[in-house]
Structures are given as C-alpha cells and as structure tokens.
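Trainee: Got a structure for you, written out below as structure tokens; questions coming shortly.
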Amino acid sequence: MEKITFSPDGDEAVDFYVLEQTVIGAKTYILVTDAEDGDGEALILRDDSSKDSQDAIYTIVDDDNELEAVAMVFKKLLDEEGIGLDL
C-alpha cells in the first residue's frame with residue numbers, strides 16, 4: 001500500500017495510506033486511511049493542484065453530494081477487490 005505524507009500549513013506532517021484512486025469529471029480523487037492494516041479512519045481527498053504544479057494539493061471532500069457520489073464509486077471499486085467500506 002502506498003504511503004503519502006501530508007504537510008498542512010503550520011501543522012505537523014501526517015502519514016496516510018492510499019487505498020484507491022479514481023478520476024471523475026476530470027478531477028482525481030484518492031481514498032486514504034490512517035491505518036496501514038486493519039480498520040482505520042478514511043478520508044476522500046480531491047486533487048486541486050494545477051497541471052504545472054510540482055506538488056500535489058489535496059482538499060478533503062466535505063460537500064455532502066460530492067462525498068456521497070465519490071464514496072459510492074470507491075465502494076464499488078473496493079468491493080471488486082474484496083475490501084469492505086462502511087459508508
């Protein structure tokens with residue numbers, strides 16, 4: 001599982017593990033968790049970086065409609081891999 005480190009402005013760096021990635025409507029989304037193995041908290045992040053940016057800029061998806069739509073896509077993708085996702 002790929003590990004990525006987020007460095008929020010002014011906050012301590014946090015490691016997340018990428019469970020899945022998808023593209024919807026020309027936007028890239030990643031599903032990350034805070035636990036490498038077992039149950040963990042999951043977040044859906046949207047890549048909001050510009051095409052010429054060297055660093056990725058991810059935003060936590062918090063709009064209910066967007067979150068629900070993207071979560072359903074991730075649920076289907078993970079179900080195909082035998083991984084359960086509680087919504």
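Just so we're on the same page: first chain in the structure tokens is A, next is B, and so on; residues restart at 1 for each chain, and ligands are numbered from 1 in the order they show up.
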Residues of chain A in strand (DSSP E or B) according to DSSP, as a PyMOL selection string?
Mentor: chain A and resi 3-6+14-24+27-33+42-47+58-60
Trainee: According to DSSP computed on the backbone, where in stretch 6-84 of chain A is there alpha helix (DSSP H)? Give the residues as a PyMOL selection string.
Mentor: chain A and resi 64-80
Trainee: May I have the residues within 9 Å of A:Thr28 as a PyMOL selection string, using only C-alpha atoms and disregarding those fewer than 4 positions away in the same chain?
Mentor: chain A and resi 21-24+45-48
Trainee: Got a sec: who's within 12 Å of A:Ile57, counting only C-alpha atoms, leaving out chain neighbours fewer than 2 positions off, as an NGL selection string?
Mentor: :A and (5-9 or 28-30 or 45-55 or 59-60)
Trainee: Grab the residues selected above and save them as a PDB file, in the first residue's frame with C-alpha atoms.
Mentor:
ATOM      1  CA  THR A   5       2.791  12.299   3.769  1.00  0.00           C
ATOM      2  CA  PHE A   6       0.692  15.431   4.051  1.00  0.00           C
ATOM      3  CA  SER A   7       2.205  18.624   5.368  1.00  0.00           C
ATOM      4  CA  PRO A   8      -0.663  21.004   6.142  1.00  0.00           C
ATOM      5  CA  ASP A   9       0.357  24.642   6.522  1.00  0.00           C
ATOM      6  CA  THR A  28      -8.679  12.978  -9.410  1.00  0.00           C
ATOM      7  CA  TYR A  29      -9.810  11.579  -6.061  1.00  0.00           C
ATOM      8  CA  ILE A  30      -7.952   9.356  -3.628  1.00  0.00           C
ATOM      9  CA  LEU A  45      -9.340  13.757  -0.971  1.00  0.00           C
ATOM     10  CA  ARG A  46      -9.636  15.703  -4.238  1.00  0.00           C
ATOM     11  CA  ASP A  47      -6.521  16.760  -6.144  1.00  0.00           C
ATOM     12  CA  ASP A  48      -6.877  20.528  -6.598  1.00  0.00           C
ATOM     13  CA  SER A  49      -3.347  21.193  -7.830  1.00  0.00           C
ATOM     14  CA  SER A  50      -2.730  22.930 -11.135  1.00  0.00           C
ATOM     15  CA  LYS A  51      -1.342  20.953 -14.053  1.00  0.00           C
ATOM     16  CA  ASP A  52       2.035  22.717 -13.868  1.00  0.00           C
ATOM     17  CA  SER A  53       2.392  22.339 -10.074  1.00  0.00           C
ATOM     18  CA  GLN A  54       5.205  20.103  -8.846  1.00  0.00           C
ATOM     19  CA  ASP A  55       3.456  19.386  -5.542  1.00  0.00           C
ATOM     20  CA  THR A  59      -8.529  19.005  -0.332  1.00  0.00           C
ATOM     21  CA  ILE A  60     -10.747  16.937   1.949  1.00  0.00           C
TER      22      ILE A  60
END
Trainee: Could you check how far atom CA of A:Val32 sits from atom CA of A:Ile44, in Å to one decimal?
Mentor: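 These atoms are spaced 6.4 Å apart.
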Trainee: Quick one: of A:Met1, A:Leu78, A:Val73, A:Ala56, who's nearest to A:Ala35, counting only C-alpha atoms?
Mentor: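 Residue with the minimum atom-to-atom distance to A:Ala35: A:Met1.
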Trainee: Give me, please, the distance in Å between atom CA of A:Glu2 and atom CA of A:Asp63, quoted to one decimal.
Mentor: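 Between these atoms lies a distance of 26.0 Å.
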Trainee: Check the smallest atom-to-atom distance from each of A:Lys3, A:Gly25, A:Asp62, A:Leu31 to A:Lys75 using only C-alpha atoms, then report the winner.
Mentor: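 The answer is A:Leu31, which sits nearest to A:Lys75.
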Trainee: I'd like the interatomic distance between atom CA of A:Glu66 and atom CA of A:Glu12, to a tenth of an Å.
Mentor: 27.6 Å
Trainee: I'd like to know which of A:Val61, A:Asp11, A:Glu41, A:Ile4 is closest to A:Lys27, using only C-alpha atoms.
Mentor: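 The answer is A:Val61, which sits nearest to A:Lys27.
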